[in-house]
$ cat upload39.txt   # compact mmCIF, C-alpha atoms
# COMPACT_ATOMS: atom_id res chain seq x y z
CA MET A 519 104.37 134.22 114.52
CA ASN A 520 104.37 137.22 112.26
CA ALA A 521 103.57 140.67 113.53
CA LEU A 522 102.26 141.88 110.16
CA ALA A 523 98.61 142.87 110.62
CA PRO A 524 96.06 142.27 107.87
CA ARG A 525 94.60 145.33 106.19
CA VAL A 526 91.06 144.02 106.43
CA PRO A 527 89.88 142.25 109.61
CA PHE A 528 88.53 138.74 109.10
CA THR A 529 85.02 137.77 110.06
CA ILE A 530 83.64 134.26 110.28
CA SER A 531 80.39 133.64 108.48
CA GLU A 532 77.95 131.24 110.08
CA PRO A 533 79.20 127.91 108.85
CA VAL A 534 77.82 124.43 108.98
CA THR A 535 74.23 124.82 110.10
CA ASN A 536 71.62 127.41 110.86
CA LYS A 537 69.46 125.04 112.86
CA THR A 538 68.41 125.94 116.37
CA LEU A 539 70.27 123.54 118.60
CA SER A 540 68.53 121.78 121.42
CA LYS A 541 69.94 119.65 124.17
CA PRO A 542 71.02 116.31 122.71
CA THR A 543 68.67 113.43 123.46
CA PRO A 544 70.45 110.39 122.06
CA ARG A 545 69.26 106.91 122.80
CA PRO A 546 71.09 105.47 125.81
CA ILE A 547 74.51 104.06 124.99
CA GLN A 548 75.36 100.75 126.57
CA LYS A 549 78.99 101.11 127.55
CA PRO A 550 80.88 97.92 126.74
CA LEU A 551 81.65 95.90 129.82
CA LEU A 552 85.31 95.11 130.32
CA ARG A 553 85.89 91.37 130.26
CA LYS A 554 88.25 89.86 132.78
CA SER A 555 90.97 89.60 130.13
CA MET A 556 90.68 93.35 129.53
CA LYS A 557 90.85 94.09 133.25
CA ASP A 558 93.93 91.90 133.54
CA PHE A 559 95.43 93.67 130.51
CA ALA A 560 94.83 97.07 132.09
CA ALA A 561 96.44 96.00 135.38
CA ALA A 562 99.44 94.21 133.84
CA PRO A 563 102.97 95.66 134.28
CA GLN A 564 103.74 97.75 131.21
CA GLY A 565 107.35 98.80 131.58
CA PHE A 566 108.18 101.88 129.50
CA SER A 567 105.09 102.91 127.57
CA LEU A 568 103.95 106.36 126.46
CA ILE A 569 100.29 105.34 126.71
CA SER A 570 99.07 103.08 129.50
CA ASN A 571 97.06 99.94 128.78
CA ARG A 572 94.19 101.47 130.71
CA LYS A 573 94.17 104.52 128.42
CA LEU A 574 94.36 102.27 125.35
CA LEU A 575 91.24 100.44 126.50
CA GLU A 576 89.56 103.77 127.24
CA LEU A 577 90.24 104.85 123.66
CA TYR A 578 88.89 101.60 122.28
CA THR A 579 85.69 101.58 124.33
CA ALA A 580 85.01 105.22 123.38
CA MET A 581 85.39 104.26 119.72
CA ARG A 582 82.93 101.40 120.18
CA ALA A 583 80.42 103.71 121.86
CA SER A 584 80.79 106.17 118.98
CA ARG A 585 80.22 103.43 116.41
CA GLN A 586 77.09 102.29 118.25
CA LEU A 587 75.72 105.83 118.24
CA ALA A 588 76.49 106.26 114.54
CA LEU A 589 74.67 103.02 113.71
CA GLN A 590 71.67 104.11 115.79
CA ALA A 591 71.58 107.32 113.77
CA GLY A 592 71.61 105.37 110.51
CA GLY A 593 75.31 105.50 109.76
CA LYS A 594 76.29 103.71 106.58
CA THR A 595 78.93 101.05 106.29
CA GLY A 596 81.62 100.20 103.80
CA SER A 597 82.41 102.49 100.87
CA ALA A 598 78.99 104.16 101.11
CA ARG A 599 79.62 105.86 104.47
CA ARG A 600 79.36 109.63 104.38
CA ALA A 601 82.38 111.89 104.69
CA ASP A 602 80.67 113.88 107.45
CA SER A 603 79.54 110.87 109.45
CA ILE A 604 81.32 109.78 112.59
CA HIS A 605 81.09 106.20 111.28
CA GLY A 606 84.54 105.10 110.19
CA HIS A 607 86.15 108.23 111.58
CA GLU A 608 86.09 107.21 115.24
CA ALA A 609 89.88 107.16 115.59
CA ALA A 610 90.31 110.81 114.61
CA VAL A 611 87.39 112.02 116.71
CA VAL A 612 88.15 110.02 119.86
CA GLY A 613 91.90 110.60 119.73
CA ALA A 614 91.43 114.37 119.52
CA THR A 615 88.67 114.90 122.09
CA ILE A 616 88.83 112.24 124.78
CA ASP A 617 91.07 114.30 127.10
CA LEU A 618 89.57 117.75 126.50
CA LEU A 619 88.32 119.74 129.48
CA ALA A 620 84.93 121.28 130.18
CA HIS A 621 86.09 124.81 129.32
CA ASP A 622 87.46 123.74 125.94
CA ALA A 623 85.38 124.42 122.82
CA VAL A 624 84.64 121.91 120.04
CA ALA A 625 82.90 122.37 116.69
CA HIS A 626 82.17 119.18 114.77
CA CYS A 627 80.60 118.34 111.43
CA LEU A 628 77.28 116.54 111.03
CA TRP A 629 77.70 113.89 113.69
CA PRO A 630 74.72 112.63 115.69
CA ASP A 631 73.65 114.68 118.70
CA GLY A 632 75.43 113.42 121.78
CA ALA A 633 78.45 111.99 119.93
CA MET A 634 80.86 114.16 121.87
CA GLN A 635 79.17 113.33 125.18
CA ALA A 636 79.53 109.63 124.40
CA ILE A 637 83.29 110.16 124.05
CA ASN A 638 83.84 112.85 126.67
CA PRO A 639 80.85 113.68 128.93
CA SER A 640 82.37 116.99 130.02
CA LEU A 641 82.13 118.48 126.52
CA ALA A 642 79.31 120.65 125.18
CA PRO A 643 79.89 121.08 121.41
CA ALA A 644 79.45 124.52 119.87
CA ALA A 645 76.94 125.19 117.10
CA GLY A 646 79.67 125.91 114.55
CA TYR A 647 83.09 127.42 113.91
CA GLN A 648 82.08 130.95 114.88
CA ALA A 649 80.42 129.83 118.12
CA ALA A 650 83.47 127.73 119.06
CA LEU A 651 85.83 130.64 118.43
CA ARG A 652 83.64 132.99 120.46
CA ARG A 653 83.50 130.53 123.34
CA GLY A 654 87.24 129.99 123.24
CA LEU A 655 87.95 133.71 123.23
CA ALA A 656 85.44 134.41 126.01
CA THR A 657 86.52 131.67 128.40
CA PRO A 658 87.98 133.01 131.67
CA ASN A 659 90.54 130.22 131.60
CA PRO A 660 93.41 131.29 129.31
CA ALA A 661 94.40 127.65 128.82
CA GLY A 662 91.12 126.79 127.08
CA VAL A 663 91.59 125.05 123.73
CA ILE A 664 89.45 125.35 120.59
CA VAL A 665 89.11 122.20 118.46
CA LEU A 666 87.50 122.55 115.04
CA PHE A 667 86.88 119.63 112.68
CA SER A 668 86.53 120.29 108.98
CA SER A 669 83.44 119.47 106.96
CA ALA A 670 83.16 117.91 103.52
CA LYS A 671 80.36 120.35 102.71
CA LYS A 672 81.47 122.97 100.19
CA THR A 673 79.33 125.58 101.95
CA ALA A 674 81.51 125.27 105.06
CA GLN A 675 84.86 125.74 103.32
CA THR A 676 84.85 129.56 103.39
CA SER A 677 84.16 129.65 107.12
CA TRP A 678 86.76 126.94 107.71
CA ALA A 679 89.46 128.87 105.82
CA ALA A 680 88.59 132.13 107.57
CA ALA A 681 88.75 130.42 110.96
CA VAL A 682 92.24 129.06 110.21
CA THR A 683 93.46 132.49 109.14
CA LEU A 684 91.92 134.20 112.17
CA ALA A 685 93.55 131.68 114.53
CA ALA A 686 96.93 132.27 112.91
CA GLU A 687 96.44 136.05 113.08
CA LYS A 688 95.39 136.04 116.74
CA ASN A 689 97.66 133.18 117.82
CA LEU A 690 94.65 131.34 119.22
CA PRO A 691 95.02 128.07 121.17
CA ALA A 692 93.30 126.05 118.46
CA LEU A 693 93.50 122.68 116.76
CA PHE A 694 92.22 122.48 113.18
CA ILE A 695 91.56 118.85 112.33
CA GLN A 696 90.97 118.19 108.67
CA MET A 697 89.12 114.97 107.91
CA HIS A 698 90.88 114.24 104.65
CA HIS A 699 88.34 111.82 103.18
CA PRO A 700 89.05 110.31 99.74
CA ASN A 701 85.39 110.69 98.74
CA ALA A 702 84.99 114.30 99.90
CA ALA A 703 83.52 116.58 97.26
CA ALA A 704 85.47 119.64 98.36
CA GLU A 705 89.19 120.14 97.91
CA PRO A 706 91.15 119.71 101.16
CA PHE A 707 92.37 122.93 102.72
CA ARG A 708 96.10 123.44 102.36
CA VAL A 709 97.97 125.29 105.07
CA GLU A 710 100.30 126.89 102.55
CA SER A 711 97.40 128.27 100.52
CA LEU A 712 94.96 131.17 100.65
CA SER A 713 96.08 134.35 102.39
CA LEU A 714 98.37 132.73 104.97
CA ILE A 715 101.43 133.20 102.78
CA ARG A 716 100.45 136.74 101.80
CA LYS A 717 100.16 137.70 105.44
CA ARG A 718 103.28 135.69 106.33
CA TYR A 719 101.51 133.69 109.00
CA THR A 720 102.95 130.33 109.90
CA LEU A 721 101.00 127.36 111.16
CA PRO A 722 102.48 124.00 112.25
CA SER A 723 101.04 121.21 110.11
CA ILE A 724 101.03 117.50 110.99
CA ASN A 725 99.92 114.58 108.81
CA VAL A 726 98.51 111.58 110.67
CA ASP A 727 96.81 108.30 109.84
CA GLY A 728 93.19 109.08 110.63
CA ASN A 729 92.39 105.38 111.05
CA ASP A 730 94.94 104.94 113.87
CA VAL A 731 93.58 106.20 117.21
CA VAL A 732 96.94 105.74 118.96
CA ALA A 733 98.72 107.94 116.40
CA MET A 734 95.92 110.49 116.52
CA TYR A 735 95.92 110.57 120.33
CA ARG A 736 99.68 111.19 120.46
CA VAL A 737 99.55 113.98 117.89
CA ALA A 738 96.49 115.61 119.48
CA THR A 739 97.95 115.42 123.00
CA GLU A 740 101.14 117.13 121.87
CA SER A 741 99.20 119.78 119.94
CA ILE A 742 96.84 120.47 122.86
CA THR A 743 99.79 120.90 125.22
CA HIS A 744 101.39 123.23 122.65
CA ALA A 745 98.18 125.30 122.52
CA ARG A 746 97.69 125.46 126.30
CA LYS A 747 101.17 126.90 126.67
CA GLY A 748 100.20 129.82 124.45
CA HIS A 749 102.08 128.73 121.34
CA GLY A 750 99.13 129.14 118.99
CA PRO A 751 97.21 126.88 116.60
CA THR A 752 98.13 123.59 114.93
CA PHE A 753 96.75 122.09 111.75
CA ILE A 754 96.28 118.28 111.77
CA ASP A 755 95.60 116.57 108.45
CA CYS A 756 93.90 113.21 109.12
CA ARG A 757 94.33 110.98 106.10
CA LEU A 758 91.37 108.60 106.06
CA SER A 759 90.98 105.36 104.15
CA ILE A 760 87.74 103.71 103.14
CA ALA A 761 89.36 100.28 103.24
CA ALA A 762 90.54 100.55 106.85
CA ASP A 763 88.26 100.16 109.87
CA PRO A 764 89.57 102.10 112.91
CA LEU A 765 88.07 99.59 115.35
CA THR A 766 89.76 96.63 113.64
CA THR A 767 93.04 98.56 113.52
CA MET A 768 92.84 99.19 117.26
CA GLN A 769 91.89 95.59 118.03
CA ASN A 770 94.98 94.38 116.16
CA TYR A 771 97.11 96.88 118.06
CA LEU A 772 95.77 95.71 121.43
CA VAL A 773 96.36 92.06 120.52
CA GLY A 774 99.92 92.98 119.60
CA LYS A 775 100.26 94.54 123.06
CA GLY A 776 99.22 91.26 124.69
CA LEU A 777 95.42 91.39 124.96
CA ASP A 778 93.62 88.07 124.45
CA PRO A 779 91.80 88.20 121.05
CA ALA A 780 88.82 86.48 122.69
CA ALA A 781 88.13 89.78 124.48
CA PHE A 782 86.58 91.10 121.24
CA GLU A 783 84.22 88.19 120.66
CA ALA A 784 80.52 88.99 120.90
$ encode --input "upload39.txt" --output "structure tokens"
Amino acid sequence: MNALAPRVPFTISEPVTNKTLSKPTPRPIQKPLLRKSMKDFAAAPQGFSLISNRKLLELYTAMRASRQLALQAGGKTGSARRADSIHGHEAAVVGATIDLLAHDAVAHCLWPDGAMQAINPSLAPAAGYQAALRRGLATPNPAGVIVLFSSAKKTAQTSWAAAVTLAAEKNLPALFIQMHHPNAAAEPFRVESLSLIRKRYTLPSINVDGNDVVAMYRVATESITHARKGHGPTFIDCRLSIAADPLTTMQNYLVGKGLDPAAFEA
């Protein structure tokens, strides 16, 4: 990390919304019941595996709960789904947030109220990028992590870029997760762009399949550990595909691991 200090200090403008936030009151989510085949799958000997079968099922059920919430909120399906909707982006969101702690800070896009609680009940999302950074800096626990998801809204891009630069400057324990949607109106942020090169700041950048929750979980877990150890921020570029459904991708993965396909039948 470079010691060169910027001549002008960065400030974060209020980003995504200026709405007064209230406590989320989502409709109750019916958590999917584990069928016997799933319970047997979770308890089966796994040999050498980086992610346990139980954790794989936890990821999948969190994705299903997120999809249910998105549909309740009027989420669209197919090619018409919005770039800032949680619908179709469950793998990236769940993989990055399911293991966060209560003192960590998260700023999301335009997802339904309560989406984060459906995935991880210990989380209380911040109002925006600035609020998340303030919370992360103010936390008494030095191992607190800040997770910021990008927005497809052009009005949020300035705040997003300034937050990345500030995190690099201050060596903050942050994860910047770019939802690289093919239909997004705004140009994706590039780590090698803007003032980062001028100021000689470096920022690890990882590309990941945003439709694959297992890949996202592995990358996020490594990046969170990196941040908690005081090694600074990481930029994760989630490449999303309209054609792929994260839930179907995960179902196929679980079947390949030995789960009975009948477990997914309605």
$ residues_around --input "upload39.txt" --residues "Lys747 (chain A)" --least-positions-apart "2" --cutoff "12 Å" --atoms "all atoms listed in the file" --output "CSV table (one decimal) with C-alpha atoms, keeping the file's coordinate frame"
chain,number,residue,atom,x,y,z
A,660,PRO,CA,93.4,131.3,129.3
A,661,ALA,CA,94.4,127.6,128.8
A,662,GLY,CA,91.1,126.8,127.1
A,663,VAL,CA,91.6,125.0,123.7
A,689,ASN,CA,97.7,133.2,117.8
A,690,LEU,CA,94.6,131.3,119.2
A,691,PRO,CA,95.0,128.1,121.2
A,692,ALA,CA,93.3,126.0,118.5
A,740,GLU,CA,101.1,117.1,121.9
A,741,SER,CA,99.2,119.8,119.9
A,742,ILE,CA,96.8,120.5,122.9
A,743,THR,CA,99.8,120.9,125.2
A,744,HIS,CA,101.4,123.2,122.6
A,745,ALA,CA,98.2,125.3,122.5
A,749,HIS,CA,102.1,128.7,121.3
A,750,GLY,CA,99.1,129.1,119.0
A,751,PRO,CA,97.2,126.9,116.6
$ atom_distance --input "upload39.txt" --atom1 "CA of Leu619 (chain A)" --atom2 "CA of Gln675 (chain A)"
27.1 Å
$ closest_residue --input "upload39.txt" --among "A:Phe782, A:Trp629, A:Tyr771, A:Phe753" --to "Ala686 (chain A)" --atoms "only C-alpha atoms"
A:Phe753
$ residues_around --input "upload39.txt" --residues "Pro643 (chain A)" --least-positions-apart "5" --cutoff "10 Å" --atoms "all atoms listed in the file" --output "PyMOL selection string"
chain A and resi 622-626+631-635+649-650+665
$ residues_around --input "upload39.txt" --residues "Gln769 (chain A)" --least-positions-apart "6" --cutoff "9 Å" --atoms "only C-alpha atoms" --output "PDB file with C-alpha atoms, keeping the file's coordinate frame"
ATOM      1  CA  TYR A 578      88.890 101.600 122.280  1.00  0.00           C
ATOM      2  CA  LEU A 777      95.420  91.390 124.960  1.00  0.00           C
ATOM      3  CA  PRO A 779      91.800  88.200 121.050  1.00  0.00           C
ATOM      4  CA  PHE A 782      86.580  91.100 121.240  1.00  0.00           C
TER       5      PHE A 782
END
$ residues_near_point --input "upload39.txt" --point "(83.9, 101.4, 111.2)" --cutoff "9 Å" --atoms "only C-alpha atoms" --output "short mmCIF file (atom, residue, chain, number, x, y, z; two decimals) with C-alpha atoms, in the frame of the given file"
data_model
loop_
_atom_site.label_atom_id
_atom_site.label_comp_id
_atom_site.auth_asym_id
_atom_site.auth_seq_id
_atom_site.Cartn_x
_atom_site.Cartn_y
_atom_site.Cartn_z
CA ARG A 585 80.22 103.43 116.41
CA THR A 595 78.93 101.05 106.29
CA GLY A 596 81.62 100.20 103.80
CA ILE A 604 81.32 109.78 112.59
CA HIS A 605 81.09 106.20 111.28
CA GLY A 606 84.54 105.10 110.19
CA HIS A 607 86.15 108.23 111.58
CA GLU A 608 86.09 107.21 115.24
CA ALA A 762 90.54 100.55 106.85
CA ASP A 763 88.26 100.16 109.87
CA PRO A 764 89.57 102.10 112.91
CA LEU A 765 88.07 99.59 115.35
CA THR A 766 89.76 96.63 113.64
#
$ atom_distance --input "upload39.txt" --atom1 "CA of Ile569 (chain A)" --atom2 "CA of Leu772 (chain A)"
11.9 Å
